[in-house]
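**Student:** Please see the structure below; I have some questions.
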Amino acid sequence: MTTVHNTNPSASLAIGLCTYKRRPSLERLLEHIAISVAALGRQATVIVADNDGSDPEVGKSVAAFSARSGIAASYLVETTPGISAARNAVFDEAARLGVRFMAMIDDDEWPSPQWLAELLKTQAAQQAAVVGGPVRPVFPDEARHLQKYARYWSVEKQLLEGKPFVFCSCNFLIDMQAIAGEPRPLFDDKFGLSGGGDTVFFRKLFYRGHPMAWSDAAWINEEVPQSRAGFKWMRQRRYRVGNHAVRWESIGGKSARSFVKTLGITARLPFYPLFRREPESPLVGWLLEYDKVRGRWASHFGDVFVEYARPEEPGQKTCR
């Protein structure tokens with residue numbers, strides 16, 4: 001990992017993000033972070049982990065943002081491929097700076113003006129170690145018809161054993177002090193290129209008793225590019241969800257338990273529309289559930305779906 005830029009860090013609050021070959025959307029995100037920080041009315045540090053590093057303009061963009069906004073920024077180049085390495089780089093830098101609270105967001109998203117204020121408000125009210133918030137898809141003009149199916153592209157509140165469960169890293173706030181004793185690295189490299197490591201991380205925190213909360217008011221937007229604006233992509237995503245679920249359910253010698261769960265979900269599949277989990281589109285919901293089941297079975301037979309595949313080197317094989 002190379003630290004390329006670091007300017008007057010403020011240790012109380014940080015906004016962390018990982019980026020990979022998305023400089024235009026990263027620049028958009030930084031401008032919206034500045035709006036959210038201004039609305040909060042307190043100092044903050046932005047930590048950017050670049051999991052590529054081949055474009056020197058990315059570091060220049062971060063430096064220009066810091067100079068223009070007055071917000072401290074750390075720009076890191078993490079050369080180890082994979083989202084786990086980039087996330088670990090962000091957390092390591094936050095720990096080095098002595099950050100107390102860190103919010104995280106993806107480089108293809110941008111926050112609402114009150115995003116930070118609402119996350120911190122909920123954390124203070126509920127004394128949560130982790131606070132999550134919703135993600136709202138923004139479709140391209142030519143795919144506006146998908147708005148009625150927005151739930152499939154959205155991130156909404158989830159429960160685990162009847163309690164709020166934050167399950168992905170695209171929009172959350174974490175109390176760094178509360179997790180100071182957690183073993184490092186926080187994100188497992190085995191999920192670096194496949195994805196799903198954030199859910200593994202949050203499940204560990206949940207079962208170790210770290211309280212979680214949800215703030216509907218701390219919403220963010222996510223750009224849905226044309227390549228993702230269709231059910232072909234969404235079916236692949238649901239396949240991926242099922243595929244990775246088996247992997248994290250099987251950690252700690254629990255593969256038999258995960259297999260039994262797959263049997264139960266498979267048996268339920270013919271009757272799935274009757275549960276009306278997606279009342280506005282029960283058949284679409286059934287089709288996506290079918291793809292999730294396919295992904296689970298593929299994982300039981302050793303197939304790993306690679307979400308963050310990199311261009312292959314000569315002689316290299318990518319497992320899918």
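Residues are referred to by chain and number: the chain letter is A, B, ... according to the order shown in the structure tokens, the number counts from 1 in that chain, and ligands are numbered separately from 1 in the order shown.
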Could you produce a table of the residues of range 51-92 of chain A lying within 9 Å of range 10-34 of chain A, with the nearest pair of atoms per residue and their separation in Å rounded to one decimal, using only C-alpha atoms, ordered by chain and increasing residue number, as JSON lines?
**Tutor:**
{"residue": "A:Asn51", "atom": "CA", "partner": "A:Tyr20", "partner_atom": "CA", "distance": 5.4}
{"residue": "A:Asp52", "atom": "CA", "partner": "A:Tyr20", "partner_atom": "CA", "distance": 5.7}
{"residue": "A:Gly53", "atom": "CA", "partner": "A:Tyr20", "partner_atom": "CA", "distance": 8.3}
{"residue": "A:Ser54", "atom": "CA", "partner": "A:Lys21", "partner_atom": "CA", "distance": 8.7}
{"residue": "A:Asp55", "atom": "CA", "partner": "A:Lys21", "partner_atom": "CA", "distance": 8.1}
{"residue": "A:Glu57", "atom": "CA", "partner": "A:Arg23", "partner_atom": "CA", "distance": 8.0}
{"residue": "A:Val58", "atom": "CA", "partner": "A:Arg23", "partner_atom": "CA", "distance": 6.0}
{"residue": "A:Ser61", "atom": "CA", "partner": "A:Glu27", "partner_atom": "CA", "distance": 6.9}
{"residue": "A:Val62", "atom": "CA", "partner": "A:Glu27", "partner_atom": "CA", "distance": 7.8}
{"residue": "A:Phe65", "atom": "CA", "partner": "A:Leu30", "partner_atom": "CA", "distance": 7.1}
{"residue": "A:Ser69", "atom": "CA", "partner": "A:Ala34", "partner_atom": "CA", "distance": 6.6}
{"residue": "A:Gly70", "atom": "CA", "partner": "A:Ala34", "partner_atom": "CA", "distance": 9.0}
{"residue": "A:Ile71", "atom": "CA", "partner": "A:Ala34", "partner_atom": "CA", "distance": 7.5}
{"residue": "A:Ala72", "atom": "CA", "partner": "A:Ser10", "partner_atom": "CA", "distance": 6.7}
{"residue": "A:Ile83", "atom": "CA", "partner": "A:Cys18", "partner_atom": "CA", "distance": 7.6}
{"residue": "A:Ala86", "atom": "CA", "partner": "A:Cys18", "partner_atom": "CA", "distance": 6.0}
{"residue": "A:Arg87", "atom": "CA", "partner": "A:Cys18", "partner_atom": "CA", "distance": 6.6}
{"residue": "A:Ala89", "atom": "CA", "partner": "A:Cys18", "partner_atom": "CA", "distance": 8.9}
{"residue": "A:Val90", "atom": "CA", "partner": "A:Gly16", "partner_atom": "CA", "distance": 6.1}
{"residue": "A:Phe91", "atom": "CA", "partner": "A:Gly16", "partner_atom": "CA", "distance": 8.0}
**Student:** According to DSSP computed on the backbone, where in range 5-143 of chain A is there helix (DSSP H, G or I)? Give the residues as a VMD selection string.
**Tutor:** chain A and resid 23 to 40 56 to 69 83 to 97 115 to 126 141 to 143
**Student:** Could I get the residues of range 194-267 of chain A with an atom no further than 8 Å from an atom of range 108-132 of chain A, each paired with its nearest atom pair and that distance in Å to one decimal, using only C-alpha atoms, sorted by chain and residue number, as a Markdown table?
**Tutor:**
| residue | atom | partner | partner_atom | distance |
| --- | --- | --- | --- | --- |
| A:His210 | CA | A:Ala129 | CA | 5.7 |
| A:Pro211 | CA | A:Ala128 | CA | 5.0 |
| A:Met212 | CA | A:Val130 | CA | 4.8 |
| A:Ala213 | CA | A:Val131 | CA | 4.7 |
| A:Trp214 | CA | A:Gly132 | CA | 4.9 |
| A:Ser215 | CA | A:Gly132 | CA | 6.2 |
| A:Ala217 | CA | A:Glu118 | CA | 6.2 |
| A:Ala218 | CA | A:Trp115 | CA | 4.4 |
| A:Trp219 | CA | A:Ser112 | CA | 6.1 |
| A:Ile220 | CA | A:Pro111 | CA | 4.2 |
| A:Asn221 | CA | A:Trp110 | CA | 5.3 |
| A:Glu222 | CA | A:Glu109 | CA | 4.2 |
| A:Glu223 | CA | A:Asp108 | CA | 5.9 |
**Student:** Could you write out the selected residues, including N, CA and C atoms, as a PDB file, in the first residue's frame?
**Tutor:**
ATOM      1  N   HIS A 210     -22.196  -6.673  18.865  1.00  0.00           N
ATOM      2  CA  HIS A 210     -22.136  -5.250  18.554  1.00  0.00           C
ATOM      3  C   HIS A 210     -23.515  -4.782  18.076  1.00  0.00           C
ATOM      4  N   PRO A 211     -24.168  -3.884  18.785  1.00  0.00           N
ATOM      5  CA  PRO A 211     -25.527  -3.467  18.405  1.00  0.00           C
ATOM      6  C   PRO A 211     -25.545  -2.687  17.095  1.00  0.00           C
ATOM      7  N   MET A 212     -26.575  -2.945  16.304  1.00  0.00           N
ATOM      8  CA  MET A 212     -26.742  -2.284  15.018  1.00  0.00           C
ATOM      9  C   MET A 212     -28.060  -1.528  14.983  1.00  0.00           C
ATOM     10  N   ALA A 213     -28.112  -0.509  14.150  1.00  0.00           N
ATOM     11  CA  ALA A 213     -29.315   0.318  14.029  1.00  0.00           C
ATOM     12  C   ALA A 213     -29.490   0.722  12.577  1.00  0.00           C
ATOM     13  N   TRP A 214     -30.643   1.304  12.286  1.00  0.00           N
ATOM     14  CA  TRP A 214     -30.985   1.694  10.913  1.00  0.00           C
ATOM     15  C   TRP A 214     -31.560   3.103  10.912  1.00  0.00           C
ATOM     16  N   SER A 215     -31.182   3.889   9.918  1.00  0.00           N
ATOM     17  CA  SER A 215     -31.705   5.243   9.769  1.00  0.00           C
ATOM     18  C   SER A 215     -32.265   5.421   8.366  1.00  0.00           C
ATOM     19  N   ALA A 217     -33.581   7.988   7.253  1.00  0.00           N
ATOM     20  CA  ALA A 217     -33.314   9.356   6.798  1.00  0.00           C
ATOM     21  C   ALA A 217     -31.900   9.520   6.238  1.00  0.00           C
ATOM     22  N   ALA A 218     -31.018   8.546   6.485  1.00  0.00           N
ATOM     23  CA  ALA A 218     -29.630   8.635   6.010  1.00  0.00           C
ATOM     24  C   ALA A 218     -29.487   7.939   4.667  1.00  0.00           C
ATOM     25  N   TRP A 219     -30.230   8.420   3.679  1.00  0.00           N
ATOM     26  CA  TRP A 219     -30.260   7.723   2.392  1.00  0.00           C
ATOM     27  C   TRP A 219     -29.205   8.268   1.430  1.00  0.00           C
ATOM     28  N   ILE A 220     -28.838   7.418   0.489  1.00  0.00           N
ATOM     29  CA  ILE A 220     -27.908   7.804  -0.563  1.00  0.00           C
ATOM     30  C   ILE A 220     -28.453   7.333  -1.904  1.00  0.00           C
ATOM     31  N   ASN A 221     -27.915   7.903  -2.972  1.00  0.00           N
ATOM     32  CA  ASN A 221     -28.269   7.524  -4.340  1.00  0.00           C
ATOM     33  C   ASN A 221     -27.184   6.638  -4.931  1.00  0.00           C
ATOM     34  N   GLU A 222     -27.582   5.715  -5.779  1.00  0.00           N
ATOM     35  CA  GLU A 222     -26.624   4.878  -6.499  1.00  0.00           C
ATOM     36  C   GLU A 222     -26.918   4.950  -7.998  1.00  0.00           C
ATOM     37  N   GLU A 223     -25.901   5.274  -8.756  1.00  0.00           N
ATOM     38  CA  GLU A 223     -26.052   5.309 -10.210  1.00  0.00           C
ATOM     39  C   GLU A 223     -26.196   3.890 -10.754  1.00  0.00           C
TER      40      GLU A 223
END
**Student:** Grab the CA of Lys190 in chain A to CA of Asp291 in chain A distance for me, in Å with one decimal place.
**Tutor:** 23.1 Å
**Student:** Could you name the residues that touch range 176-185 of chain A at 8 Å or less, counting only C-alpha atoms, but leaving out those on the same chain fewer than 6 positions away, as a PyMOL selection string?
**Tutor:** chain A and resi 88+95+99-102+129+210
**Student:** Go through A:Phe139, A:Tyr239, A:Phe172, A:Phe206 and flag the residue nearest Met104 in chain A, using only C-alpha atoms for the distances.
**Tutor:**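 Closest to Met104 in chain A of all the choices is A:Phe172.
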